[in-house]
Structure formats: structure tokens, C-alpha cells
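Asker: Got a structure for you, questions after.
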Amino acid sequence: VSRLNPEILAELISVLGQDHVARGASVLELHSHDESTHPPVLPDAVVFPGSTADVSAVAELANRHGIALTAFGAGTSLEGHTVPVHGGIVIDFARMNRVLQVHATDFQVTVQPGVLRLDLEKQLSGFGLFFPPDPGANASIGGMIANNAAGIRTVKYGATRDHVLALEVVLADGRIINTGSRSVKQSAGYDLTHLIVGSEGTLGLVTEATLLVYPVPEHFSTAIVSFPDVPHAAEAVYGIMGHGLDPAAVELVHQDHIAWMNEDEGADLPVAPSLMIEFTGPNEKAVGEAMTSALEICDQAGSTGSDRGLGREARNAMWRMRHSIRERVHRRFPGHRIISVDVAVPISRFPDLIAFSQDRAAARGLDYRVIGHAGDGNMHMNLNFAPDDAVARRNAETLNGELIDKALEMGGTSTGEHGIGIGKRAYLVAEHGAEAVAVMRGIKKTLDPNNILNPGKVLPDE
Ligand SMILES: Cc1cc2nc3c(=O)[nH]c(=O)nc-3n(C[C@H](O)[C@H](O)[C@H](O)COP(=O)(O)OP(=O)(O)OC[C@H]3O[C@@H](n4cnc5c(N)ncnc54)[C@H](O)[C@@H]3O)c2cc1C
């Protein structure tokens, strides 16, 4: 890949207009990193396209000159996805942020990639609809598609992948293709839609997406259940899932986070490892009964208390607290860096994974807190350390590697939802095998022969 020289910059400006090509220090800095601990790299320029035609023209130019082109949504990735490691152009989709059409009677919506999750939620709520994938951050839909983001509701509704029906994609050379259709059943040809989902901006640039949405449930039942320790809570999760109760969310929360929720929000919860559980449905009786069954299972697993709520407000309050977890770590440990462990295993192995992870973290003397989208077998551990503490950082990185090895050994994955980015490239062959990774390389070479789209991500170096 080459760098942006003055002639190419002039060409870029002639394509997009001076106002939409930025080179100022603060804009370059903002687009040099994501929310991870991976070191920042400044791009040469940041562009703000306003249309698919703009995106196509930028890709054609970058491809012709062999310049790296890295897509940027909201920059909330956790594995270095948006760091432009080869400099070049960052393409920020902030201006392409419109909800194009709500197909309310078909439970679908067509959006531009830059629309933010919470803005989409607001616009859909007017139609009594919602888009279930909900990463803790206010991510862009393009970034969520590119990372196949998930969140607390995945256990019931699936990840972003399960909600994408059709895409408009700009390829590396500027060609524009359409994938999929508005039919919820599709069987025509290779599934290019789901090749692009999760490809982290390395195979194409999403310029439009048609998504599946759902009616907002009418009834909610919630509970926060305490346990003597995390392994007991993990056993309860296994029980709830094993009984086919279909929870809308089952989240594991570390006792420190509960204590901080009490301090910050006056929550008055017992300070203990806890599960946040939600059931949703069309009638109050059914969600109430499902919760009663879940709480019985928790009792059998040794729960020590529960705080039960009913209705939308109780539910919103619970998730507001849950979604502030990372922010609270930042507030308690100003300046600290956070490595976010994101392994997932088959549900029967979840209790073993938790026990192993706690043992290893304690053995390494790390400041750790286990949380997780437990209903999916997806464990997170926030490992935080002072930026100048090289020993703690090395320990945290080593532990992250150990937990990935363990998850793979259990038949799981190195990343349940955050994606590969820079950070997980080293594990791709261990997870999929050399031949499968060679096939991935073949796909990349076909779609992006000059390796301009987000180079240095997903695939390990050859
Ligand atoms: C506090 C916090 C909590 C989080 N919780 C969760 C969680 O629960 N679950 C979860 O899955 N993730 C979570 N994340 C991670 C992150 O929010 C998701 O990965 C999200 O999908 C990133 O979206 P973004 O818009 O910020 O994308 P960015 O970080 O800007 O980009 C992500 C990737 O997509 C590419 N990209 C962006 N736009 C496009 C496009 N239009 N076309 C092609 N490629 C594109 C980029 O090049 C990059 O590779 C969390 C992050 C934070 C900070």
C-alpha cells in the first residue's frame, strides 16, 4: 500500500469536495484508534461520503493508487478494527445516517450504514418496532453489520447476522453490488450477504442495509438474582437454558459491578455475583410464569435472593445499569486500559469455563471481573491495568490467550461477538485450521486483489 501524496489528495478533494476531506490533527487523531488497547496509527486523510456514488468513487481512486481504505462507523470496536495500520484514507459514514424506509407491515427497515443504534431505536419505536441486536455502545449499523455485533438480547433473537436480509455493497474497485432480497426466506445462489456480515470492512463497504425488526414486546418480567459465587450463577444459567424457558436475556454480573451500581444509582442490591434475567412476551401471565420457573431453577442452584420487577420501567432501569459497566470501570480506574476478554463456548461448558477463568486470573494476580452474555455461553472479563504497568499488561494479555486456548479446546470460539480485528488474528488458524484460512485468503484476493480494504485485519500475516 502506498501513502497519500499531494496529487492523489487533490484528486480526492475533486471527487468529494473540500468540505468532506479532512486532514486536521484532531480529526486524524479521532480516527486513529478504537476503544481497545491497540496502539493508534494516524490516517493520511479522513473522508465523509454523502452517497453510495461518493463511496464508489473513493474506493475506485484508492484501489487505482493502492491506498489503504479503512471504514469507520462509531469507532467503538474492541480489537483494533478501525486502526488504519497502513495509514491511507479512513472513510467515515457519519453523513450517511438516514433511515431510508420503514417497511412496517413487513417488519423490515432499510437504512444507511451510518445510522446509530439508538437513533434507529427511536425512529422504529414510533412504529411499535425494534431492532434487537444491542451492543453496549451506541454503535453504527454499518459497524454492527461489519462486526456481526451481538449483545444482551442475542440469546432470544440472535446476532446482527440473523437480522440482515439485503445489502448494497461497494467493492474494493468501486463496483456496486446488491445482495439478498426483502424475502425472509432466501435460497438463491451463494449467500454474499452473510459473507459481508462479519467481514470487518475487509471485503466491501456497506452502503445500505435492509434489516429484520420485531414488534416491541408488550410485557416484561425482570429479576436480579444473587448467588454465593460465580460458578453457582453459571450453573443456574445452564439450568434456565436447559429448561427451554426462552429468556430474552440472561446476563452474569460480577459483585463489584453490583456494588458500584448501588453506589452510583442507589440500587440497594445484595453485593454478590448476580444474574440479570428478562422474559418478554405478549401476555403478563406467560412472562410471569416463565420468571417463576427461572427463579426456582436459580433456587436449586443455590441463589441467595432475588429482586423481581415487572414492566417496561423496571426493565429499562436494569439494562441502563448493565450497559454502564465499562464506563464504571473507566470512572473507578481513571486512565486505565481495558482488555475485554470475549470467548464463547457451548452452553454445557460455560460453568467450567468460568471456573477455569477465575482460577487463572487469580493465579496471575490480576484485577478481573467476570461478566457475560451467559445465556449464549459468551464470557467477558474486563482486565484493567495502568497504562505504564507493563507487567500487568503482559499478564492480562497472557491470560486472554490462555482463555482463548481453553475456549477452543472446549469447542468454542476466540470471539463471541467483538470480532478478530488486529487482536485475534493470531488465533484464526487454531480456530478454523490452515485450509479454511487459505480459503478465506482466496476470497479476500478475489474481492480485494490489491489489499486496500482495511489491510492488516482479520487474516494473519502470510
Ligand atoms: C462500552 C462498549 C460495550 C460494547 N458491548 C458490546 C456488546 O455487548 N456486543 C458486541 O457485539 N459488541 C460490543 N461492543 C463493541 C462494538 O460496539 C461493536 O463491535 C460494534 O459493532 C462496533 O460498531 P461501530 O459503529 O463502532 O463500528 P467501528 O468500530 O467504527 O467499525 C467496526 C468495523 O466495521 C467496519 N465498518 C464500519 N462501517 C462499515 C461499513 N459501512 N461497511 C463496511 N465496514 C464497515 C470498520 O472498518 C471496522 O472494521 C462494545 C463496545 C463498547 C465500547
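Each chain of the C-alpha cells is named A, B, ... in the order shown, its residues numbered from 1; ligands are numbered from 1 in display order.
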Enumerate as a PDB file with N, CA, C and O atoms, in the first residue's frame all residues of range 191-228 of chain A assigned to helix (DSSP H, G or I) by DSSP on the backbone, naming them with the chain letters and numbers the document uses.

Answerer:
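So the final result, stored in out_4.pdb, reads:
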```pdb
ATOM      1  N   LEU A 192     -23.956 -14.014  -0.427  1.00  0.00           N
ATOM      2  CA  LEU A 192     -22.974 -12.927  -0.319  1.00  0.00           C
ATOM      3  C   LEU A 192     -23.298 -11.994   0.847  1.00  0.00           C
ATOM      4  O   LEU A 192     -22.395 -11.390   1.437  1.00  0.00           O
ATOM      5  N   THR A 193     -24.592 -11.885   1.185  1.00  0.00           N
ATOM      6  CA  THR A 193     -24.974 -11.014   2.311  1.00  0.00           C
ATOM      7  C   THR A 193     -24.184 -11.432   3.552  1.00  0.00           C
ATOM      8  O   THR A 193     -23.555 -10.605   4.221  1.00  0.00           O
ATOM      9  N   HIS A 194     -24.219 -12.730   3.832  1.00  0.00           N
ATOM     10  CA  HIS A 194     -23.601 -13.180   5.074  1.00  0.00           C
ATOM     11  C   HIS A 194     -22.105 -13.435   4.946  1.00  0.00           C
ATOM     12  O   HIS A 194     -21.438 -13.758   5.934  1.00  0.00           O
ATOM     13  N   LEU A 195     -21.576 -13.263   3.731  1.00  0.00           N
ATOM     14  CA  LEU A 195     -20.116 -13.208   3.582  1.00  0.00           C
ATOM     15  C   LEU A 195     -19.627 -11.814   4.019  1.00  0.00           C
ATOM     16  O   LEU A 195     -18.591 -11.675   4.665  1.00  0.00           O
ATOM     17  N   ILE A 196     -20.431 -10.809   3.690  1.00  0.00           N
ATOM     18  CA  ILE A 196     -20.061  -9.433   4.053  1.00  0.00           C
ATOM     19  C   ILE A 196     -20.273  -9.205   5.557  1.00  0.00           C
ATOM     20  O   ILE A 196     -19.456  -8.554   6.224  1.00  0.00           O
TER      21      ILE A 196
END
```

Asker: Could you pull out the strand (DSSP E or B) residues of range 51-98 of chain A from DSSP and send them as a list in words?

Answerer: Ile67, Leu69, Thr70, Ala71, Phe72, Ile89, Val90, Ile91 and Asp92 of chain A

Asker: Just to be explicit: take each residue in the selection above, keep N, CA, C and O atoms, and write the result as an mmCIF file, in the first residue's frame.

Answerer:
```
data_model
loop_
_atom_site.group_PDB
_atom_site.id
_atom_site.type_symbol
_atom_site.label_atom_id
_atom_site.label_comp_id
_atom_site.auth_asym_id
_atom_site.auth_seq_id
_atom_site.Cartn_x
_atom_site.Cartn_y
_atom_site.Cartn_z
ATOM 1 N N ILE A 67 -4.045 2.578 -2.212
ATOM 2 C CA ILE A 67 -4.035 3.241 -0.896
ATOM 3 C C ILE A 67 -5.009 2.553 0.051
ATOM 4 O O ILE A 67 -6.145 2.243 -0.336
ATOM 5 N N LEU A 69 -7.833 1.759 2.629
ATOM 6 C CA LEU A 69 -9.136 2.412 2.825
ATOM 7 C C LEU A 69 -9.832 1.698 3.984
ATOM 8 O O LEU A 69 -10.242 0.545 3.855
ATOM 9 N N THR A 70 -9.928 2.389 5.119
ATOM 10 C CA THR A 70 -10.489 1.764 6.321
ATOM 11 C C THR A 70 -11.817 2.412 6.670
ATOM 12 O O THR A 70 -11.877 3.631 6.868
ATOM 13 N N ALA A 71 -12.867 1.577 6.761
ATOM 14 C CA ALA A 71 -14.196 2.102 7.100
ATOM 15 C C ALA A 71 -14.274 2.406 8.593
ATOM 16 O O ALA A 71 -13.654 1.729 9.419
ATOM 17 N N PHE A 72 -15.078 3.432 8.910
ATOM 18 C CA PHE A 72 -15.246 3.867 10.295
ATOM 19 C C PHE A 72 -16.718 4.181 10.528
ATOM 20 O O PHE A 72 -17.320 4.970 9.799
ATOM 21 N N ILE A 89 -6.538 6.281 3.745
ATOM 22 C CA ILE A 89 -7.809 7.006 3.894
ATOM 23 C C ILE A 89 -8.711 6.274 4.875
ATOM 24 O O ILE A 89 -8.882 5.058 4.778
ATOM 25 N N VAL A 90 -9.284 7.022 5.812
ATOM 26 C CA VAL A 90 -10.379 6.474 6.617
ATOM 27 C C VAL A 90 -11.673 7.030 6.048
ATOM 28 O O VAL A 90 -11.786 8.234 5.787
ATOM 29 N N ILE A 91 -12.642 6.128 5.815
ATOM 30 C CA ILE A 91 -13.928 6.554 5.258
ATOM 31 C C ILE A 91 -14.971 6.483 6.368
ATOM 32 O O ILE A 91 -15.327 5.410 6.847
ATOM 33 N N ASP A 92 -15.400 7.655 6.830
ATOM 34 C CA ASP A 92 -16.310 7.764 7.979
ATOM 35 C C ASP A 92 -17.738 7.933 7.450
ATOM 36 O O ASP A 92 -18.012 8.865 6.689
#
```

Asker: Kindly work out which residues sit at most 6 Å from ligand 1, using only C-alpha atoms and all ligand atoms, and give the list as an NGL selection string.

Answerer: :A and (35 or 70-78 or 81-82 or 113 or 135-137 or 139-140 or 142-144 or 146-147 or 149-151 or 200-201 or 204-207 or 326 or 417-418)

Asker: I'd like the neighbourhood of Ala344 in chain A as an MDAnalysis selection string, where a residue qualifies if any of its atoms comes within 12 Å (using only C-alpha atoms), though same-chain residues fewer than 4 positions away should be ignored.

Answerer: chainID A and resid 348:354 372:381 403:419

Asker: Generate a file of the selected residues that holds N, CA, C and O atoms, formatted as a tab-separated table (two decimals), in the first residue's frame.

Answerer:
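Saved result, part.tsv, follows:
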```tsv
chain	number	residue	atom	x	y	z
A	348	SER	N	-23.08	-26.07	27.78
A	348	SER	CA	-22.79	-27.06	28.83
A	348	SER	C	-21.40	-26.83	29.43
A	348	SER	O	-21.12	-27.26	30.54
A	349	ARG	N	-20.51	-26.17	28.68
A	349	ARG	CA	-19.15	-25.95	29.17
A	349	ARG	C	-19.00	-24.61	29.88
A	349	ARG	O	-17.92	-24.29	30.39
A	350	PHE	N	-20.06	-23.81	29.89
A	350	PHE	CA	-19.96	-22.46	30.45
A	350	PHE	C	-19.51	-22.45	31.92
A	350	PHE	O	-18.58	-21.72	32.29
A	351	PRO	N	-20.11	-23.30	32.78
A	351	PRO	CA	-19.65	-23.29	34.18
A	351	PRO	C	-18.17	-23.64	34.31
A	351	PRO	O	-17.45	-23.03	35.10
A	352	ASP	N	-17.69	-24.62	33.50
A	352	ASP	CA	-16.26	-24.99	33.56
A	352	ASP	C	-15.38	-23.83	33.09
A	352	ASP	O	-14.30	-23.59	33.64
A	353	LEU	N	-15.83	-23.15	32.05
A	353	LEU	CA	-15.04	-22.02	31.53
A	353	LEU	C	-14.90	-20.94	32.60
A	353	LEU	O	-13.81	-20.38	32.81
A	354	ILE	N	-16.01	-20.68	33.30
A	354	ILE	CA	-15.99	-19.65	34.34
A	354	ILE	C	-15.01	-20.05	35.45
A	354	ILE	O	-14.18	-19.23	35.89
A	372	GLY	N	-20.89	-11.44	31.52
A	372	GLY	CA	-21.09	-12.17	30.28
A	372	GLY	C	-22.52	-12.28	29.85
A	372	GLY	O	-23.44	-12.15	30.66
A	373	HIS	N	-22.65	-12.51	28.54
A	373	HIS	CA	-23.96	-12.81	27.98
A	373	HIS	C	-24.13	-14.32	28.22
A	373	HIS	O	-23.95	-15.14	27.32
A	374	ALA	N	-24.44	-14.65	29.47
A	374	ALA	CA	-24.29	-16.02	29.92
A	374	ALA	C	-25.21	-16.99	29.20
A	374	ALA	O	-24.84	-18.15	28.97
A	375	GLY	N	-26.41	-16.52	28.81
A	375	GLY	CA	-27.34	-17.41	28.12
A	375	GLY	C	-26.80	-17.93	26.80
A	375	GLY	O	-27.25	-18.95	26.28
A	376	ASP	N	-25.82	-17.23	26.21
A	376	ASP	CA	-25.19	-17.68	24.95
A	376	ASP	C	-23.87	-18.40	25.20
A	376	ASP	O	-23.15	-18.68	24.25
A	377	GLY	N	-23.47	-18.59	26.44
A	377	GLY	CA	-22.15	-19.16	26.72
A	377	GLY	C	-21.01	-18.19	26.39
A	377	GLY	O	-19.88	-18.59	26.15
A	378	ASN	N	-21.33	-16.90	26.36
A	378	ASN	CA	-20.34	-15.87	25.98
A	378	ASN	C	-19.83	-15.15	27.23
A	378	ASN	O	-20.58	-14.45	27.90
A	379	MET	N	-18.55	-15.39	27.55
A	379	MET	CA	-17.98	-14.80	28.76
A	379	MET	C	-17.11	-13.59	28.42
A	379	MET	O	-16.30	-13.64	27.50
A	380	HIS	N	-17.31	-12.53	29.17
A	380	HIS	CA	-16.39	-11.39	29.10
A	380	HIS	C	-15.69	-11.27	30.44
A	380	HIS	O	-16.24	-11.62	31.49
A	381	MET	N	-14.48	-10.76	30.37
A	381	MET	CA	-13.76	-10.43	31.60
A	381	MET	C	-13.07	-9.11	31.27
A	381	MET	O	-12.34	-9.04	30.27
A	403	LEU	N	-7.26	-18.07	27.95
A	403	LEU	CA	-8.71	-18.28	27.95
A	403	LEU	C	-9.20	-18.60	26.53
A	403	LEU	O	-10.12	-19.40	26.36
A	404	ILE	N	-8.55	-18.00	25.54
A	404	ILE	CA	-8.92	-18.33	24.15
A	404	ILE	C	-8.57	-19.80	23.87
A	404	ILE	O	-9.38	-20.56	23.34
A	405	ASP	N	-7.35	-20.20	24.27
A	405	ASP	CA	-6.95	-21.61	24.07
A	405	ASP	C	-7.96	-22.54	24.73
A	405	ASP	O	-8.35	-23.56	24.17
A	406	LYS	N	-8.37	-22.18	25.95
A	406	LYS	CA	-9.30	-23.03	26.69
A	406	LYS	C	-10.66	-23.10	25.97
A	406	LYS	O	-11.25	-24.18	25.83
A	407	ALA	N	-11.14	-21.95	25.51
A	407	ALA	CA	-12.44	-21.93	24.81
A	407	ALA	C	-12.37	-22.79	23.55
A	407	ALA	O	-13.30	-23.55	23.25
A	408	LEU	N	-11.25	-22.70	22.82
A	408	LEU	CA	-11.12	-23.50	21.60
A	408	LEU	C	-11.10	-24.99	21.94
A	408	LEU	O	-11.74	-25.81	21.28
A	409	GLU	N	-10.38	-25.31	23.01
A	409	GLU	CA	-10.32	-26.71	23.45
A	409	GLU	C	-11.73	-27.23	23.82
A	409	GLU	O	-12.04	-28.40	23.62
A	410	MET	N	-12.58	-26.33	24.30
A	410	MET	CA	-13.95	-26.73	24.69
A	410	MET	C	-14.90	-26.71	23.49
A	410	MET	O	-16.12	-26.85	23.68
A	411	GLY	N	-14.38	-26.50	22.29
A	411	GLY	CA	-15.25	-26.46	21.11
A	411	GLY	C	-15.88	-25.10	20.89
A	411	GLY	O	-16.88	-24.97	20.17
A	412	GLY	N	-15.31	-24.06	21.49
A	412	GLY	CA	-15.87	-22.71	21.39
A	412	GLY	C	-15.11	-21.84	20.42
A	412	GLY	O	-14.50	-22.33	19.46
A	413	THR	N	-15.12	-20.55	20.68
A	413	THR	CA	-14.53	-19.59	19.74
A	413	THR	C	-13.70	-18.53	20.48
A	413	THR	O	-13.95	-18.24	21.66
A	414	SER	N	-12.74	-17.97	19.74
A	414	SER	CA	-11.89	-16.92	20.31
A	414	SER	C	-12.66	-15.61	20.49
A	414	SER	O	-12.23	-14.74	21.23
A	415	THR	N	-13.77	-15.46	19.78
A	415	THR	CA	-14.55	-14.23	19.92
A	415	THR	C	-16.03	-14.49	19.66
A	415	THR	O	-16.41	-14.88	18.55
A	416	GLY	N	-16.84	-14.28	20.67
A	416	GLY	CA	-18.28	-14.50	20.53
A	416	GLY	C	-18.95	-13.38	19.77
A	416	GLY	O	-19.96	-13.60	19.09
A	417	GLU	N	-18.40	-12.14	19.88
A	417	GLU	CA	-19.11	-11.02	19.26
A	417	GLU	C	-18.22	-9.84	18.89
A	417	GLU	O	-18.59	-9.05	18.04
A	418	HIS	N	-17.06	-9.68	19.52
A	418	HIS	CA	-16.28	-8.48	19.23
A	418	HIS	C	-15.57	-8.56	17.88
A	418	HIS	O	-15.29	-7.53	17.26
A	419	GLY	N	-15.26	-9.78	17.43
A	419	GLY	CA	-14.60	-9.93	16.14
A	419	GLY	C	-13.09	-10.07	16.27
A	419	GLY	O	-12.52	-10.06	17.37
```

Asker: Hey, can you check how far CA of Gly365 in chain A sits from CA of Ile339 in chain A?

Answerer: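 Taking CA of Gly365 in chain A as the start and CA of Ile339 in chain A as the end point, the length is 15.3 Å.
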
Asker: Please, what distance in Å, to one decimal, runs between CA of Gly114 in chain A and CA of Ala94 in chain A?

Answerer: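 Between CA of Gly114 in chain A and CA of Ala94 in chain A the gap works out to 5.0 Å.
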
Asker: Nearest residue to Leu295 in chain A out of A:Gly239, A:Pro217, A:Pro6, A:Pro387, using only C-alpha atoms?

Answerer: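 Residue with the minimum atom-to-atom distance to Leu295 in chain A: A:Gly239.
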
Asker: Of the candidates A:His219, A:Arg328, A:Lys122, A:His86, which one gets nearest to Val41 in chain A if we count only C-alpha atoms?

Answerer: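 Result for the nearest residue to Val41 in chain A: A:His86.
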
Asker: Show which residues sit within 6 Å of Pro43 in chain A, as a list in words. Count only C-alpha atoms, and ignore same-chain residues fewer than 5 positions away.

Answerer: Pro84, Gly87, Gly88 and Ile89 of chain A
